[in-house]
$ cat structure.cif   # mmCIF, C-alpha atoms and all ligand atoms
data_coords
#
loop_
_atom_site.label_atom_id
_atom_site.label_comp_id
_atom_site.auth_asym_id
_atom_site.auth_seq_id
_atom_site.Cartn_x
_atom_site.Cartn_y
_atom_site.Cartn_z
CA MET P 1 -5.49 -8.98 -20.64
CA SER P 2 -7.44 -7.55 -17.76
CA GLU P 3 -10.05 -9.42 -15.80
CA SER P 4 -13.39 -8.08 -14.64
CA GLY P 5 -13.18 -9.97 -11.35
CA PRO P 6 -15.76 -11.78 -9.24
CA GLY P 7 -18.47 -9.10 -8.85
CA ALA P 8 -19.56 -6.94 -5.91
CA ALA P 9 -21.45 -9.62 -3.95
CA GLU P 10 -18.53 -12.04 -3.98
CA ILE P 11 -16.05 -9.28 -3.14
CA ARG P 12 -18.23 -8.29 -0.18
CA LYS P 13 -18.15 -11.88 1.08
CA ARG P 14 -14.36 -12.10 0.71
CA LEU P 15 -13.97 -8.75 2.44
CA SER P 16 -15.84 -10.01 5.47
CA GLU P 17 -13.64 -13.11 5.54
CA LEU P 18 -10.66 -10.80 5.35
CA GLU P 19 -11.98 -8.71 8.24
CA ALA P 20 -12.11 -11.91 10.32
CA ARG P 21 -8.48 -12.73 9.44
CA ILE P 22 -7.54 -9.20 10.51
CA GLU P 23 -9.46 -9.41 13.78
CA GLU P 24 -7.84 -12.72 14.73
CA ASN P 25 -4.33 -11.38 14.30
CA LEU P 26 -4.44 -7.94 15.87
CA PRO P 27 -1.46 -7.63 18.19
CA ALA P 28 -2.23 -7.66 21.88
CA ARG P 29 0.37 -5.05 22.75
CA THR P 30 0.04 -3.08 25.91
CA GLU P 31 2.20 -0.16 24.92
CA GLY P 32 2.19 2.20 21.97
CA PHE P 33 -0.52 3.39 19.63
CA GLN P 34 -2.16 0.00 19.22
CA VAL P 35 -4.01 0.33 22.50
CA THR P 36 -6.00 3.32 21.38
CA SER P 37 -6.11 2.57 17.69
CA PRO P 38 -5.92 -1.09 16.70
CA ARG P 39 -7.06 -0.33 13.21
CA VAL P 40 -5.97 -1.96 9.97
CA ASN P 41 -7.05 -0.43 6.68
CA VAL P 42 -7.58 -2.64 3.67
CA LEU P 43 -6.13 -1.42 0.41
CA GLY P 44 -7.70 -3.32 -2.49
CA VAL P 45 -5.00 -3.96 -5.07
CA THR P 46 -6.71 -3.64 -8.45
CA LYS P 47 -3.75 -3.99 -10.82
CA SER P 48 -4.42 -6.13 -13.90
CA PHE P 49 -8.19 -5.88 -13.36
CA THR P 50 -10.57 -3.69 -15.33
CA ALA P 51 -11.81 -0.28 -14.24
CA GLU P 52 -15.23 -1.89 -13.71
CA LEU P 53 -13.74 -4.02 -10.96
CA ILE P 54 -12.99 -0.81 -9.08
CA LEU P 55 -16.70 0.05 -9.20
CA ASP P 56 -17.56 -3.42 -7.85
CA ALA P 57 -14.91 -3.17 -5.15
CA HIS P 58 -16.25 0.21 -4.07
CA ALA P 59 -19.81 -1.11 -4.06
CA ALA P 60 -18.57 -3.93 -1.84
CA GLY P 61 -17.24 -1.46 0.72
CA ILE P 62 -13.64 -0.94 -0.37
CA CYS P 63 -12.79 2.75 -0.35
CA ARG P 64 -9.02 2.50 -0.81
CA ILE P 65 -7.35 1.00 -3.84
CA GLY P 66 -3.74 0.46 -4.87
CA GLU P 67 -2.38 0.47 -8.41
CA ASN P 68 1.15 -0.43 -9.56
CA TYR P 69 1.55 0.94 -13.05
CA ALA P 70 1.17 4.57 -14.13
CA GLN P 71 -0.17 3.73 -17.58
CA GLU P 72 -2.77 1.31 -16.26
CA LEU P 73 -3.86 3.73 -13.56
CA LEU P 74 -4.27 6.52 -16.11
CA SER P 75 -6.43 4.25 -18.25
CA LYS P 76 -8.79 3.89 -15.27
CA ALA P 77 -8.86 7.62 -14.46
CA GLU P 78 -12.38 8.27 -15.66
CA VAL P 79 -13.91 5.56 -13.48
CA ILE P 80 -11.76 6.56 -10.52
CA ARG P 81 -12.81 10.19 -10.81
CA SER P 82 -16.47 9.13 -10.93
CA ILE P 83 -16.25 7.75 -7.37
CA ASP P 84 -16.33 10.48 -4.73
CA ASP P 85 -14.86 8.78 -1.72
CA LEU P 86 -12.20 6.58 -3.27
CA GLU P 87 -8.63 6.91 -2.07
CA VAL P 88 -5.97 5.90 -4.60
CA HIS P 89 -2.51 4.77 -3.54
CA PHE P 90 0.37 4.26 -5.92
CA ILE P 91 2.14 1.08 -4.79
CA GLY P 92 4.37 0.17 -7.74
CA GLN P 93 7.92 1.18 -8.46
CA LEU P 94 7.67 4.80 -9.49
CA GLN P 95 9.77 6.41 -12.19
CA SER P 96 10.30 10.12 -11.63
CA ASN P 97 9.14 10.94 -15.15
CA LYS P 98 5.69 9.46 -14.39
CA VAL P 99 5.00 11.65 -11.36
CA ARG P 100 3.62 14.55 -13.35
CA SER P 101 0.95 12.43 -15.04
CA LEU P 102 -0.26 11.05 -11.71
CA VAL P 103 -0.77 14.32 -9.87
CA GLY P 104 -4.43 14.79 -9.02
CA LEU P 105 -5.20 11.10 -9.45
CA VAL P 106 -3.06 9.60 -6.69
CA ASP P 107 -3.91 10.45 -3.08
CA ARG P 108 -0.80 8.90 -1.60
CA PHE P 109 2.52 7.78 -3.05
CA ASP P 110 3.45 4.68 -1.05
CA THR P 111 6.76 3.72 -2.70
CA VAL P 112 9.04 6.70 -2.21
CA ASP P 113 12.54 5.27 -1.88
CA ARG P 114 15.10 7.80 -3.10
CA SER P 115 15.99 11.46 -2.91
CA SER P 116 15.48 12.13 -6.64
CA LEU P 117 11.88 10.95 -6.32
CA VAL P 118 11.37 13.13 -3.25
CA ALA P 119 12.62 16.09 -5.26
CA GLU P 120 10.32 15.36 -8.19
CA LEU P 121 7.28 14.91 -5.94
CA ALA P 122 8.08 18.13 -4.08
CA ARG P 123 8.24 19.95 -7.41
CA ARG P 124 5.19 18.42 -9.11
CA ALA P 125 2.96 17.53 -6.17
CA PRO P 126 3.73 19.99 -3.36
CA GLY P 127 2.53 18.77 0.02
CA ALA P 128 1.84 15.25 -1.26
CA ARG P 129 1.17 12.48 1.25
CA ILE P 130 3.77 9.74 1.00
CA LEU P 131 5.13 6.58 2.57
CA ILE P 132 8.81 5.74 2.49
CA GLN P 133 9.37 2.24 1.08
CA VAL P 134 11.91 0.13 2.93
CA ASP P 135 13.70 -2.82 1.35
CA THR P 136 13.54 -5.65 3.87
CA SER P 137 13.94 -8.63 1.59
CA ASP P 138 17.11 -8.01 -0.41
CA GLU P 139 15.31 -9.41 -3.45
CA PRO P 140 15.98 -7.44 -6.62
CA GLY P 141 13.22 -5.60 -8.45
CA LYS P 142 11.12 -4.69 -5.43
CA GLY P 143 12.39 -1.18 -4.75
CA GLY P 144 12.80 0.36 -1.34
CA CYS P 145 15.65 2.12 0.42
CA ALA P 146 17.96 0.41 2.88
CA PRO P 147 16.73 0.47 6.48
CA ASP P 148 19.61 2.73 7.50
CA GLU P 149 18.59 5.31 4.89
CA VAL P 150 15.01 5.70 6.12
CA ALA P 151 15.57 8.42 8.70
CA ALA P 152 17.49 10.69 6.32
CA LEU P 153 14.94 10.22 3.56
CA CYS P 154 12.09 11.08 5.95
CA ASP P 155 13.92 14.23 7.01
CA LEU P 156 14.53 15.23 3.43
CA ALA P 157 10.91 14.65 2.43
CA GLY P 158 9.68 16.64 5.42
CA SER P 159 12.05 19.50 4.66
CA ARG P 160 10.67 19.59 1.10
CA GLY P 161 7.12 19.88 2.41
CA LEU P 162 5.95 16.34 1.72
CA VAL P 163 3.82 14.71 4.39
CA VAL P 164 5.44 11.45 5.47
CA GLU P 165 2.65 9.36 6.94
CA GLY P 166 4.66 6.21 7.48
CA LEU P 167 6.60 3.33 6.00
CA MET P 168 5.86 0.60 3.50
CA THR P 169 7.53 -2.71 2.72
CA VAL P 170 7.02 -5.78 0.55
CA GLY P 171 7.76 -9.14 2.14
CA PRO P 172 10.01 -11.71 0.48
CA THR P 173 8.62 -13.89 -2.31
CA GLN P 174 10.52 -16.91 -1.08
CA GLY P 175 10.31 -18.74 2.22
CA GLY P 176 6.61 -18.46 3.13
CA PRO P 177 4.90 -15.95 5.43
CA GLU P 178 7.20 -16.49 8.41
CA ALA P 179 10.16 -15.36 6.31
CA ALA P 180 8.59 -11.90 6.31
CA ARG P 181 8.31 -11.50 10.08
CA ARG P 182 11.74 -10.06 10.80
CA GLY P 183 11.43 -7.41 8.10
CA PHE P 184 7.94 -6.43 9.20
CA ALA P 185 9.06 -6.10 12.82
CA LEU P 186 12.00 -3.96 11.69
CA VAL P 187 9.74 -1.62 9.72
CA ARG P 188 7.33 -1.26 12.65
CA SER P 189 10.18 -0.41 14.99
CA LEU P 190 11.66 2.10 12.53
CA ALA P 191 8.25 3.76 12.22
CA ASP P 192 7.89 3.92 15.99
CA GLN P 193 11.38 5.41 16.37
CA LEU P 194 10.52 8.08 13.82
CA GLY P 195 7.10 8.79 15.30
CA LEU P 196 5.29 7.62 12.18
CA ARG P 197 1.91 5.98 12.47
CA GLU P 198 1.38 4.14 9.21
CA CYS P 199 2.93 0.80 8.34
CA SER P 200 1.77 -0.59 4.99
CA MET P 201 2.81 -4.22 4.98
CA GLY P 202 1.23 -7.58 4.31
CA MET P 203 -0.41 -9.00 1.18
CA SER P 204 -2.77 -11.96 0.56
CA ASP P 205 -0.24 -14.57 1.68
CA ASP P 206 1.50 -12.87 4.59
CA LEU P 207 -1.07 -10.50 6.05
CA GLU P 208 -1.45 -12.40 9.34
CA VAL P 209 2.25 -11.99 10.07
CA ALA P 210 2.13 -8.31 9.07
CA ILE P 211 -0.86 -7.55 11.27
CA SER P 212 0.65 -9.31 14.26
CA GLU P 213 3.78 -7.18 13.78
CA GLY P 214 1.81 -3.92 13.74
CA ALA P 215 0.66 -3.22 10.18
CA THR P 216 -1.85 -0.37 9.92
CA GLU P 217 -2.60 -1.07 6.28
CA ILE P 218 -2.55 -4.30 4.30
CA ARG P 219 -2.50 -4.42 0.50
CA VAL P 220 -4.71 -7.20 -0.75
CA GLY P 221 -5.29 -8.30 -4.32
CA ARG P 222 -5.86 -12.01 -4.86
CA ALA P 223 -7.70 -12.71 -1.60
CA LEU P 224 -10.36 -10.20 -2.65
CA PHE P 225 -10.42 -10.31 -6.43
CA GLY P 226 -9.03 -13.72 -7.35
CA PRO P 227 -6.01 -14.66 -9.44
CA ARG P 228 -4.42 -12.22 -11.86
CA THR P 229 -3.67 -13.19 -15.42
C1 LIG P 301 0.43 -6.96 -6.30
C2 LIG P 301 0.79 -6.31 -5.02
C3 LIG P 301 0.05 -6.53 -3.84
C4 LIG P 301 -1.11 -7.50 -3.74
O1 LIG P 301 -0.65 -8.81 -3.73
P1 LIG P 301 -1.64 -10.05 -3.48
O2 LIG P 301 -0.70 -11.16 -3.25
O3 LIG P 301 -2.46 -10.19 -4.72
O4 LIG P 301 -2.48 -9.73 -2.29
C5 LIG P 301 0.42 -5.81 -2.71
N1 LIG P 301 1.46 -4.94 -2.70
C6 LIG P 301 2.18 -4.72 -3.81
C7 LIG P 301 3.30 -3.75 -3.75
C8 LIG P 301 1.88 -5.39 -4.99
O5 LIG P 301 2.65 -5.18 -6.07
#

$ encode --input "structure.cif" --output "structure tokens" --more "lines below"
Ligand SMILES: *Cc1c(COP(=O)(O)O)cnc(C)c1O
Amino acid sequence: MSESGPGAAEIRKRLSELEARIEENLPARTEGFQVTSPRVNVLGVTKSFTAELILDAHAAGICRIGENYAQELLSKAEVIRSIDDLEVHFIGQLQSNKVRSLVGLVDRFDTVDRSSLVAELARRAPGARILIQVDTSDEPGKGGCAPDEVAALCDLAGSRGLVVEGLMTVGPTQGGPEAARRGFALVRSLADQLGLRECSMGMSDDLEVAISEGATEIRVGRALFGPRT
């Protein structure tokens, strides 16, 4: 069952609390891009909530959302298309045979982790904006390519005309927020080595660690919209 969520006023309040958590954890680095652009985007993760929640989230000031499941995203297409300045990111594990149905609805594919998916995106969504997903947790079922495959996959995607904006990772489920730090730091350093700006990492429970390690985008569900059923 999907939930309608807490309403725009409550989401706005939680968003301002979130902005404070972001502010407190921005890295104080003296080198690199952070000096000129210490900016962290908030992606509101709307999976398992109704399409109406997306309207409330947008009214509350959230202009980027993430969805995990093709079918669910398609069921919200009408509402999504009714909002002019909403950016939609696909953040779930993506089957190649779903790509075609998502073209035109998804603004960025954030979980590209294999060459067959690169090929399908290049064919169905020429010039698409993507992130390469890196597996930093070794937990099954999360997706992501091995860290030592990232460079080759970026090259391949670029050569097929996709626009690689950066990297994405999901922290471990076990071990608490600190268990995610090493993986987040690795992803930031890979992105820097490859000259990529975006690092999508950090969720409701580990966003402080992600931000302090150089996240440029955090993906937040529960801290904005409450528990999922
Ligand atoms: C569900 C999900 C999130 C949001 O998680 P919360 O803990 O609710 O903030 C972020 N990223 C991905 C890939 C997810 O699947």

$ residues_around --input "structure.cif" --residues "Ser4 in chain P" --least-positions-apart "2" --cutoff "6 Å" --atoms "only C-alpha atoms" --output "MDAnalysis selection string"
chainID P and resid 49:50 53

$ atom_distance --input "structure.cif" --atom1 "CA of Pro126 in chain P" --atom2 "CA of Gln95 in chain P"
17.3 Å

$ residues_near_point --input "structure.cif" --point "(12.5, 15.8, 1.9)" --cutoff "12 Å" --atoms "only C-alpha atoms" --output "mmCIF file with C-alpha atoms, in the frame of the given file"
data_model
loop_
_atom_site.group_PDB
_atom_site.id
_atom_site.type_symbol
_atom_site.label_atom_id
_atom_site.label_comp_id
_atom_site.auth_asym_id
_atom_site.auth_seq_id
_atom_site.Cartn_x
_atom_site.Cartn_y
_atom_site.Cartn_z
ATOM 1 C CA VAL P 112 9.040 6.700 -2.210
ATOM 2 C CA ASP P 113 12.540 5.270 -1.880
ATOM 3 C CA ARG P 114 15.100 7.800 -3.100
ATOM 4 C CA SER P 115 15.990 11.460 -2.910
ATOM 5 C CA SER P 116 15.480 12.130 -6.640
ATOM 6 C CA LEU P 117 11.880 10.950 -6.320
ATOM 7 C CA VAL P 118 11.370 13.130 -3.250
ATOM 8 C CA ALA P 119 12.620 16.090 -5.260
ATOM 9 C CA GLU P 120 10.320 15.360 -8.190
ATOM 10 C CA LEU P 121 7.280 14.910 -5.940
ATOM 11 C CA ALA P 122 8.080 18.130 -4.080
ATOM 12 C CA ARG P 123 8.240 19.950 -7.410
ATOM 13 C CA PRO P 126 3.730 19.990 -3.360
ATOM 14 C CA GLY P 127 2.530 18.770 0.020
ATOM 15 C CA ALA P 128 1.840 15.250 -1.260
ATOM 16 C CA ARG P 129 1.170 12.480 1.250
ATOM 17 C CA ILE P 130 3.770 9.740 1.000
ATOM 18 C CA LEU P 131 5.130 6.580 2.570
ATOM 19 C CA ILE P 132 8.810 5.740 2.490
ATOM 20 C CA VAL P 150 15.010 5.700 6.120
ATOM 21 C CA ALA P 151 15.570 8.420 8.700
ATOM 22 C CA ALA P 152 17.490 10.690 6.320
ATOM 23 C CA LEU P 153 14.940 10.220 3.560
ATOM 24 C CA CYS P 154 12.090 11.080 5.950
ATOM 25 C CA ASP P 155 13.920 14.230 7.010
ATOM 26 C CA LEU P 156 14.530 15.230 3.430
ATOM 27 C CA ALA P 157 10.910 14.650 2.430
ATOM 28 C CA GLY P 158 9.680 16.640 5.420
ATOM 29 C CA SER P 159 12.050 19.500 4.660
ATOM 30 C CA ARG P 160 10.670 19.590 1.100
ATOM 31 C CA GLY P 161 7.120 19.880 2.410
ATOM 32 C CA LEU P 162 5.950 16.340 1.720
ATOM 33 C CA VAL P 163 3.820 14.710 4.390
ATOM 34 C CA VAL P 164 5.440 11.450 5.470
#

$ axis_aligned_box --input "structure.cif" --around "ligand LIG 301 (chain P)" --padding-each-side "5 Å" --output "lines of an AutoDock Vina configuration file"
center_x = 0.4
center_y = -7.5
center_z = -4.3
size_x = 15.8
size_y = 17.4
size_z = 14.0

$ residues_around --input "structure.cif" --residues "Asp205 in chain P" --least-positions-apart "5" --cutoff "12 Å" --atoms "all atoms listed in the file" --output "JSON, numbers by chain"
{"P": [18, 21, 170, 171, 172, 173, 174, 175, 176, 177, 178, 179, 180, 210, 211, 218, 219, 220, 221, 222, 223, 224]}

$ closest_atom_pairs --input "structure.cif" --of "chain P" --to "ligand LIG 301 (chain P)" --cutoff "12 Å" --atoms "all atoms listed in the file" --output "CSV"
residue,atom,partner,partner_atom,distance
P:Leu18,CA,P:LIG301,O4,11.2
P:Val42,CA,P:LIG301,O4,10.6
P:Leu43,CA,P:LIG301,C5,8.5
P:Gly44,CA,P:LIG301,C4,7.9
P:Val45,CA,P:LIG301,C4,5.4
P:Thr46,CA,P:LIG301,C1,8.2
P:Lys47,CA,P:LIG301,C1,6.8
P:Ser48,CA,P:LIG301,C1,9.1
P:Phe49,CA,P:LIG301,C1,11.2
P:Ile65,CA,P:LIG301,C5,10.4
P:Gly66,CA,P:LIG301,N1,7.8
P:Glu67,CA,P:LIG301,O5,7.9
P:Asn68,CA,P:LIG301,O5,6.1
P:Tyr69,CA,P:LIG301,O5,9.3
P:His89,CA,P:LIG301,C7,10.3
P:Phe90,CA,P:LIG301,C7,8.8
P:Ile91,CA,P:LIG301,C7,5.1
P:Gly92,CA,P:LIG301,C7,5.7
P:Gln93,CA,P:LIG301,C7,8.2
P:Leu94,CA,P:LIG301,C7,11.2
P:Phe109,CA,P:LIG301,C7,11.6
P:Asp110,CA,P:LIG301,C7,8.9
P:Thr111,CA,P:LIG301,C7,8.3
P:Gln133,CA,P:LIG301,C7,9.8
P:Val134,CA,P:LIG301,C7,11.6
P:Asp135,CA,P:LIG301,C7,11.6
P:Gly141,CA,P:LIG301,O5,10.8
P:Lys142,CA,P:LIG301,C7,8.1
P:Gly143,CA,P:LIG301,C7,9.5
P:Gly144,CA,P:LIG301,C7,10.6
P:Met168,CA,P:LIG301,C7,8.8
P:Thr169,CA,P:LIG301,C7,7.8
P:Val170,CA,P:LIG301,C7,6.0
P:Gly171,CA,P:LIG301,N1,9.0
P:Pro172,CA,P:LIG301,C7,11.2
P:Thr173,CA,P:LIG301,O2,9.8
P:Pro177,CA,P:LIG301,O2,11.4
P:Ser200,CA,P:LIG301,N1,8.8
P:Met201,CA,P:LIG301,N1,7.8
P:Gly202,CA,P:LIG301,C5,7.3
P:Met203,CA,P:LIG301,O4,4.1
P:Ser204,CA,P:LIG301,O4,3.6
P:Asp205,CA,P:LIG301,O2,6.0
P:Asp206,CA,P:LIG301,O2,8.3
P:Leu207,CA,P:LIG301,O4,8.5
P:Glu208,CA,P:LIG301,O4,12.0
P:Glu217,CA,P:LIG301,N1,10.6
P:Ile218,CA,P:LIG301,C5,7.8
P:Arg219,CA,P:LIG301,C5,4.6
P:Val220,CA,P:LIG301,O4,3.7
P:Gly221,CA,P:LIG301,O3,3.4
P:Arg222,CA,P:LIG301,O3,3.9
P:Ala223,CA,P:LIG301,O4,6.1
P:Leu224,CA,P:LIG301,O4,7.9
P:Phe225,CA,P:LIG301,O3,8.1
P:Gly226,CA,P:LIG301,O3,7.9
P:Pro227,CA,P:LIG301,O3,7.4
P:Arg228,CA,P:LIG301,O3,7.7
P:Thr229,CA,P:LIG301,O3,11.2

$ residues_around --input "structure.cif" --residues "Arg64 in chain P" --least-positions-apart "5" --cutoff "6 Å" --atoms "all atoms listed in the file" --output "list in words"
Leu43, Leu86, Glu87 and Val88 of chain P

$ atom_distance --input "structure.cif" --atom1 "CA of Arg188 in chain P" --atom2 "CA of Ala20 in chain P"
22.3 Å

$ closest_residue --input "structure.cif" --among "P:Ile62, P:Val40, P:Ile22, P:Ala125" --to "Val99 in chain P" --atoms "only C-alpha atoms"
P:Ala125

$ atom_distance --input "structure.cif" --atom1 "CA of Cys199 in chain P" --atom2 "CA of Gly5 in chain P"
27.6 Å

$ closest_residue --input "structure.cif" --among "P:Asp148, P:Glu72, P:Glu17, P:Glu10" --to "Ala57 in chain P" --atoms "all atoms listed in the file"
P:Glu10

$ closest_residue --input "structure.cif" --among "P:Glu23, P:Ser96, P:Cys145, P:Ile11" --to "Leu55 in chain P" --atoms "all atoms listed in the file"
P:Ile11

$ decode --input "structure.cif" --residues "range 161-171 of chain P" --atoms "all heavy atoms" --output "mmCIF file, in the first residue's frame"
data_model
loop_
_atom_site.group_PDB
_atom_site.id
_atom_site.type_symbol
_atom_site.label_atom_id
_atom_site.label_comp_id
_atom_site.auth_asym_id
_atom_site.auth_seq_id
_atom_site.Cartn_x
_atom_site.Cartn_y
_atom_site.Cartn_z
ATOM 1 N N GLY P 161 28.188 8.249 -26.033
ATOM 2 C CA GLY P 161 27.438 9.506 -26.071
ATOM 3 C C GLY P 161 26.597 9.798 -24.840
ATOM 4 O O GLY P 161 25.838 10.769 -24.820
ATOM 5 N N LEU P 162 26.719 8.960 -23.812
ATOM 6 C CA LEU P 162 26.012 9.275 -22.565
ATOM 7 C C LEU P 162 26.809 10.326 -21.791
ATOM 8 O O LEU P 162 28.034 10.405 -21.936
ATOM 9 C CB LEU P 162 25.828 8.011 -21.721
ATOM 10 C CG LEU P 162 25.033 6.876 -22.392
ATOM 11 C CD1 LEU P 162 24.970 5.647 -21.487
ATOM 12 C CD2 LEU P 162 23.624 7.342 -22.769
ATOM 13 N N VAL P 163 26.123 11.117 -20.996
ATOM 14 C CA VAL P 163 26.790 12.152 -20.228
ATOM 15 C C VAL P 163 26.959 11.669 -18.787
ATOM 16 O O VAL P 163 26.002 11.613 -18.018
ATOM 17 C CB VAL P 163 25.976 13.470 -20.254
ATOM 18 C CG1 VAL P 163 26.675 14.549 -19.431
ATOM 19 C CG2 VAL P 163 25.770 13.926 -21.694
ATOM 20 N N VAL P 164 28.186 11.300 -18.447
ATOM 21 C CA VAL P 164 28.459 10.792 -17.090
ATOM 22 C C VAL P 164 28.699 11.983 -16.182
ATOM 23 O O VAL P 164 29.720 12.659 -16.277
ATOM 24 C CB VAL P 164 29.694 9.863 -17.069
ATOM 25 C CG1 VAL P 164 29.885 9.292 -15.662
ATOM 26 C CG2 VAL P 164 29.554 8.747 -18.095
ATOM 27 N N GLU P 165 27.735 12.231 -15.283
ATOM 28 C CA GLU P 165 27.862 13.395 -14.408
ATOM 29 C C GLU P 165 28.588 13.062 -13.112
ATOM 30 O O GLU P 165 29.048 13.969 -12.426
ATOM 31 C CB GLU P 165 26.475 13.976 -14.115
ATOM 32 C CG GLU P 165 25.825 14.510 -15.381
ATOM 33 C CD GLU P 165 24.552 15.307 -15.131
ATOM 34 O OE1 GLU P 165 23.908 15.104 -14.085
ATOM 35 O OE2 GLU P 165 24.203 16.108 -16.010
ATOM 36 N N GLY P 166 28.659 11.780 -12.779
ATOM 37 C CA GLY P 166 29.336 11.449 -11.535
ATOM 38 C C GLY P 166 29.084 10.026 -11.110
ATOM 39 O O GLY P 166 28.732 9.173 -11.930
ATOM 40 N N LEU P 167 29.263 9.787 -9.822
ATOM 41 C CA LEU P 167 29.161 8.445 -9.249
ATOM 42 C C LEU P 167 28.080 8.413 -8.171
ATOM 43 O O LEU P 167 27.699 9.445 -7.621
ATOM 44 C CB LEU P 167 30.507 8.021 -8.653
ATOM 45 C CG LEU P 167 31.724 8.101 -9.572
ATOM 46 C CD1 LEU P 167 32.977 7.620 -8.836
ATOM 47 C CD2 LEU P 167 31.514 7.289 -10.849
ATOM 48 N N MET P 168 27.611 7.213 -7.899
ATOM 49 C CA MET P 168 26.577 7.007 -6.895
ATOM 50 C C MET P 168 26.931 5.761 -6.111
ATOM 51 O O MET P 168 27.502 4.810 -6.663
ATOM 52 C CB MET P 168 25.247 6.829 -7.622
ATOM 53 C CG MET P 168 24.029 6.575 -6.761
ATOM 54 S SD MET P 168 23.755 4.818 -6.390
ATOM 55 C CE MET P 168 22.024 4.830 -5.961
ATOM 56 N N THR P 169 26.633 5.761 -4.802
ATOM 57 C CA THR P 169 26.789 4.531 -4.039
ATOM 58 C C THR P 169 25.757 4.476 -2.914
ATOM 59 O O THR P 169 25.198 5.503 -2.514
ATOM 60 C CB THR P 169 28.216 4.377 -3.471
ATOM 61 O OG1 THR P 169 28.426 3.019 -3.060
ATOM 62 C CG2 THR P 169 28.460 5.293 -2.269
ATOM 63 N N VAL P 170 25.492 3.271 -2.464
ATOM 64 C CA VAL P 170 24.587 3.030 -1.332
ATOM 65 C C VAL P 170 25.428 2.470 -0.193
ATOM 66 O O VAL P 170 26.136 1.475 -0.371
ATOM 67 C CB VAL P 170 23.482 2.019 -1.719
ATOM 68 C CG1 VAL P 170 22.540 1.771 -0.541
ATOM 69 C CG2 VAL P 170 22.696 2.506 -2.938
ATOM 70 N N GLY P 171 25.358 3.100 0.953
ATOM 71 C CA GLY P 171 26.133 2.648 2.105
ATOM 72 C C GLY P 171 25.629 1.309 2.624
ATOM 73 O O GLY P 171 24.542 0.862 2.269
#
